[in-house]
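Asker: The structure that follows is given in the form of structure tokens.
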Amino acid sequence: MKKLRTGISAILLVLLSLCRCIPVLADQVTDTKNVVKVGYVEISNMMEGMSDDAEKSGLAYDYLQQVSYYTNWEYEYVYGDWDTILEKLYSGEIDVMAAVSKTDERKGKILFPDYAMGAENYYIYVKEDDELLSEGVNGLKGRSVSVNRNSIMESMLREWNDNGDYQIKVRTYPGSERRYEDFFNGVSDATVEADNAVLPENHLIPMTRIGSSEYYLAVAEQRTDLLRQLNEALDKIASTNPNYTKKLLDTYFPDGNVSTTLREDEQRWLVGHPEIRIGYLHDYLPFSKEDENGDVNGILIDMMKQIEESLYFGETSKFTYVGFDSSEEMLQALQDGEIDAAFPVENNVSLADRQQIYLTAELINTTMNLICKGEYRDESQLKGIAVQRGNDIQDALTQKLFPDVPIRYYDSFEEQLEAVRDGRVDAVVISDFRKDVYLNRGRYKGLTMVRLGEESSRCLAVKKGNDELLSILNRGITNLPLDYAVIDTYRYAGTALNYNFEDYILEHPFEITILGTILVAAITAMIVYIIGLHSKRRMLDEMAHKDSMTGLLNRRAYDEYTDLHDDTNGESDLMILAMDLNGLKQVNDTRGHEAGDELIIGAAQCMKSVLGRYGKVYRIGGDEFVAVVHQDKVHDGSLLQELRRTFSGWKGSKCEALYVAVGYCYGNEREDLTIKEMVRIADCRLYEEKRKFYERTGRDRRHHRATEENKQEK
């Protein structure tokens with residue numbers, strides 16, 4: 001009997017142990033595979049890829065993937081239109097749905113986490129060429145406006161309509177596809193959409209904002225377990241990567257839409273001003289300078305021509321230009337009505353308020369540098385700093401950057417540099433755009449440049465009260481191509497280097513000594529001078545084609561090569577490589593621009609050491625490179641392998657590794673393959689490699705955008 005009791009006790013202990021293990025085993029199964037049903041709605045740049053076989057992308061898709069890293073969720077996608085998927089979330093047929101705005105009605109049916117995915121504004125949009133644009137918001141009275149049914153946009157539209165008594169006719173749709181089809185066919189006059197759902201290629205312009213809201217990854221009411229896991233994941237994301245949602249928004253929705261159609265008040269202003277007088281500074285390349293014929297050229301003039309073309313008002317009005325010796329004199333002329341706008345003006349709102357001027361949107365952004373003699377340690381060694389008399393921009397920046405250093409004023413920038421060189425002052429502040437104009441001159445070769453890490457923006461200015469011209473200029477500025485000013489600078493790289501006889505004397509003292517002491521050898525000395533001058537011109541031409549940071553050939557040299565060989569066939573031993581740094585922006589943001597510069601220089605050194613033996617390497621942008629090489633062995637892949645090994649073996653003092661995406665094309669890949677086609681193929685392979693890199697590493701992609709036409713409202 002005792003043995004029986006002992007056996008029963010042992011069996012009970014085993015059963016009890018098994019029972020205790022069951023929850024643990026269940027947890028392990030859950031951790032291994034936790035399937036979550038996701039409602040997926042086609043919304044451009046938000047949720048794309050409407051089948052299990054399609055490649056998915058978009059802000060919401062990336063957000064879901066990031067959440068799964070912390071929750072171990074495995075997704076099962078359920079596809080449909082907005083109304084259908086939202087009803088499935090209400091009924092519990094799906095577990096989660098992205099991009100859902102929080103309303104009082106929805107709070108009673110579904111669950112919302114503690115953190116929003118993002119925020120969006122809602123606008124009434126019209127077509128880019130619609131005459132309603134010139135009438136303003138009052139032109140919407142009595143018109144028909146379409147909107148998604150049972151959405152937060154519908155309730156906002158109706159509230160806006162009632163409050164403003166616009167008497168619009170509201171047309172509702174179950175989804176965006178039919179709504180957009182009717183809108184573009186003229187069934188409705190305008191439509192409501194979120195700002196992050198409209199892309200430039202849609203050619204839609206916002207008329208008025210009707211409201212805004214945050215949107216969330218919403219959870220079915222029954223799945224409180226998922227809500228708990230989601231909140232824990234979002235807590236971790238917020239504490240380790242607080243800017244994650246902002247980066248997603250910048251990646252997928254970087255652009256806005258600006259109407260190029262002038263409104264009635266702007267058109268009236270142009271009729272009364274057939275000439276729009278733009279003030280500029282003399283001898284201020286690459287921004288502005290007169291040539292030998294008295295015609296002004298430079299980045300400013302190129303940008304204004306681009307603005308004139310984009311706004312189509314060239315037949316009504318035109319820009320004319322008035323030069324000044326100082327910004328102080330120029331701004332006074334603006335107040336006196338002698339000019340209508342002035343450039344350059346510092347993007348300083350407080351200063352503009354004191355000067356009684358309005359600032360346009362930013363035209364140019366540049367990094368500031370300190371020019372000094374010898375090694376620069378810190379501000380304490382500066383006993384005096386130079387500023388150009390009347391240059392309000394330089395004056396304000398210098399006082400901001402070095403508030404405790406005495407300022408000494410000079411009439412020109414050349415005089416400031418002379419004062420630094422002669423030791424009368426210790427330093428001068430100069431922008432990236434202008435440093436090469438001066439520092440490449442022989443007389444300033446002994447000066448040192450130090451990056452300050454401070455950026456400065458330049459705007460146009462109009463007289464306070466002239467809001468018509470302000471809005472006209474802003475329309476044009478916002479429609480300028482991205483980085484237009486930076487790219488346009490290449491046109492003036494050579495002409496900006498004003499090489500003169502004084503520079504020659506400083507760089508060729510031996511020849512000048514001979515010329516001065518041996519008068520009887522005047523002819524010989526003249527020959528030496530001419531030879532030296534031609535040598536200097538060749539050197540300047542080389543400088544104009546060389547990138548100052550890396551020593552590689554620059555964009556100007558690359559453009560000249562492609563212009564010459566654009567449509568010629570590539571030779572059989574030709575190879576073109578397109579190269580781009582991965583992760584440079586992250587390094588700049590987290591470790592500083594000095595670390596980013598180290599990566600750029602390191603990549604250039606690797607390219608030059610491997611590829612320089614067989615051809616030419618160009619730096620065509622901030623972190624973009626192209627190489628053109630001739631070598632039979634490139635076709636066996638050994639050159640490409642050697643290049644990748646060199647990149648992987650690089651190590652810097654501020655960065656431990658270097659990641660470079662490489663695209664390539666061989667001249668014999670296809671018969672009659674042109675140089676232009678080879679460049680295109682190399683670029684395509686480059687971006688495919690970058691895409692794989694970012695997928696593999698999980699880093700943010702900067703320029704991934706889709707262009708599907710249909711939009712879906714949340």
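A note on labels: chains of the structure tokens are A, B, ... as shown, every chain counts residues from 1, and ligands are counted from 1 in their shown order.
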Which residues of segment 70-128 of chain A have any atom within 10 Å of an atom in segment 50-64 of chain A when counting only C-alpha atoms, and what is the closest pair of atoms for each, with the distance in Å to one decimal? Order the rows by chain and rising number and write it as a Markdown table.

Answerer:
```
| residue | atom | partner | partner_atom | distance |
| --- | --- | --- | --- | --- |
| A:Trp73 | CA | A:Leu64 | CA | 9.3 |
| A:Tyr75 | CA | A:Leu64 | CA | 8.9 |
| A:Glu76 | CA | A:Asp52 | CA | 8.9 |
| A:Tyr77 | CA | A:Asp52 | CA | 7.5 |
| A:Val78 | CA | A:Ser51 | CA | 8.9 |
| A:Tyr79 | CA | A:Met50 | CA | 6.5 |
| A:Gly80 | CA | A:Met50 | CA | 8.4 |
| A:Val96 | CA | A:Leu64 | CA | 9.8 |
| A:Met97 | CA | A:Ala60 | CA | 9.4 |
| A:Ala98 | CA | A:Ala60 | CA | 6.1 |
| A:Ala99 | CA | A:Ala60 | CA | 7.0 |
| A:Met117 | CA | A:Tyr63 | CA | 7.9 |
| A:Gly118 | CA | A:Leu59 | CA | 9.9 |
```

Asker: Could you write out that same residue set with N, CA and C atoms as a tab-separated table (two decimals), in the first residue's frame?

Answerer:
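Result written to selection02.tsv:
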```
chain	number	residue	atom	x	y	z
A	73	TRP	N	6.16	39.58	-34.87
A	73	TRP	CA	4.94	39.32	-35.63
A	73	TRP	C	5.28	38.84	-37.03
A	75	TYR	N	3.33	38.63	-40.67
A	75	TYR	CA	2.14	39.26	-41.23
A	75	TYR	C	1.46	38.40	-42.29
A	76	GLU	N	0.14	38.40	-42.21
A	76	GLU	CA	-0.71	37.85	-43.27
A	76	GLU	C	-1.54	39.02	-43.79
A	77	TYR	N	-1.35	39.37	-45.06
A	77	TYR	CA	-1.97	40.58	-45.60
A	77	TYR	C	-3.36	40.28	-46.17
A	78	VAL	N	-4.29	41.18	-45.83
A	78	VAL	CA	-5.65	41.11	-46.36
A	78	VAL	C	-5.87	42.38	-47.17
A	79	TYR	N	-6.20	42.24	-48.46
A	79	TYR	CA	-6.24	43.38	-49.38
A	79	TYR	C	-7.68	43.82	-49.63
A	80	GLY	N	-7.84	45.13	-49.90
A	80	GLY	CA	-9.16	45.66	-50.22
A	80	GLY	C	-9.16	47.17	-50.24
A	96	VAL	N	-4.82	44.31	-37.41
A	96	VAL	CA	-4.29	45.68	-37.39
A	96	VAL	C	-4.50	46.32	-38.75
A	97	MET	N	-4.49	47.66	-38.75
A	97	MET	CA	-4.62	48.44	-39.99
A	97	MET	C	-3.83	49.73	-39.81
A	98	ALA	N	-3.01	50.07	-40.79
A	98	ALA	CA	-2.14	51.24	-40.69
A	98	ALA	C	-2.83	52.49	-41.21
A	99	ALA	N	-2.33	53.64	-40.74
A	99	ALA	CA	-2.74	54.96	-41.23
A	99	ALA	C	-4.20	55.26	-40.93
A	117	MET	N	1.67	57.15	-35.83
A	117	MET	CA	2.60	56.92	-36.95
A	117	MET	C	3.08	58.24	-37.53
A	118	GLY	N	2.21	59.24	-37.52
A	118	GLY	CA	2.54	60.53	-38.12
A	118	GLY	C	1.32	61.42	-38.10
```

Asker: Counting only C-alpha atoms, which residue out of A:Asn241, A:Glu193, A:Phe324, A:Ile94 sits closest to Ala218 of chain A?

Answerer: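 The shortest atom-to-atom distance to Ala218 of chain A comes from A:Ile94.
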
Asker: Using only C-alpha atoms, which of A:Tyr280, A:Ile514, A:Val617, A:Tyr115 sits nearest Gly298 of chain A?

Answerer: A:Tyr280

Asker: Looking at A:Ile168, A:Leu584, A:Leu217, A:Leu552, which one is nearest to Lys608 of chain A, with distances taken over only C-alpha atoms?

Answerer: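 Ranking A:Ile168, A:Leu584, A:Leu217, A:Leu552 by distance to Lys608 of chain A, first place goes to A:Leu552.
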
Asker: Give me the residues within 6 Å of Ile385 of chain A as a PyMOL selection string, counting only C-alpha atoms and dropping any in the same chain fewer than 4 places off.

Answerer: chain A and resi 407+425-428

Asker: Excluding same-chain residues fewer than 6 positions from Glu221 of chain A, what lies within 12 Å of it counting only C-alpha atoms, as a list in words?

Answerer: Lys88, Leu89, Tyr90, Ser91, Gly92, Glu93, Ile94, Asp95, Val96, Met97, Arg106, Lys107, Gly108, Lys109, Ile110, Leu111, Phe112, Pro113 and Leu227 of chain A

Asker: Could you please determine the separation between atom CA of Thr360 of chain A and atom CA of Gln394 of chain A in Å, to one decimal place?

Answerer: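 Interatomic distance here is 19.1 Å.
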
Asker: With only C-alpha atoms as the counted atoms, please give the residues lying no more than 10 Å from Gly337 of chain A, apart from itself and same-chain residues fewer than 4 positions off, as JSON, numbers by chain.

Answerer: {"A": [277, 331, 332, 333, 341, 463]}

Asker: Residues at most 8 Å from Asp567 of chain A, counting only C-alpha atoms, excluding those fewer than 2 positions away in the same chain, as a ChimeraX atom specification?

Answerer: /A:565,569,674-676

Asker: May I have the selected residues written with N, CA and C atoms, as a tab-separated table (two decimals), in the first residue's frame?

Answerer:
```tsv
chain	number	residue	atom	x	y	z
A	565	HIS	N	31.56	62.74	-76.09
A	565	HIS	CA	31.40	61.33	-76.47
A	565	HIS	C	29.97	60.82	-76.29
A	569	ASN	N	30.04	55.29	-79.94
A	569	ASN	CA	29.99	53.91	-79.47
A	569	ASN	C	31.15	53.63	-78.52
A	674	THR	N	26.34	52.86	-76.96
A	674	THR	CA	26.92	54.20	-76.88
A	674	THR	C	27.38	54.50	-75.46
A	675	ILE	N	28.23	55.53	-75.36
A	675	ILE	CA	28.70	55.97	-74.03
A	675	ILE	C	27.51	56.36	-73.16
A	676	LYS	N	26.56	57.08	-73.76
A	676	LYS	CA	25.38	57.53	-73.01
A	676	LYS	C	24.61	56.33	-72.45
```
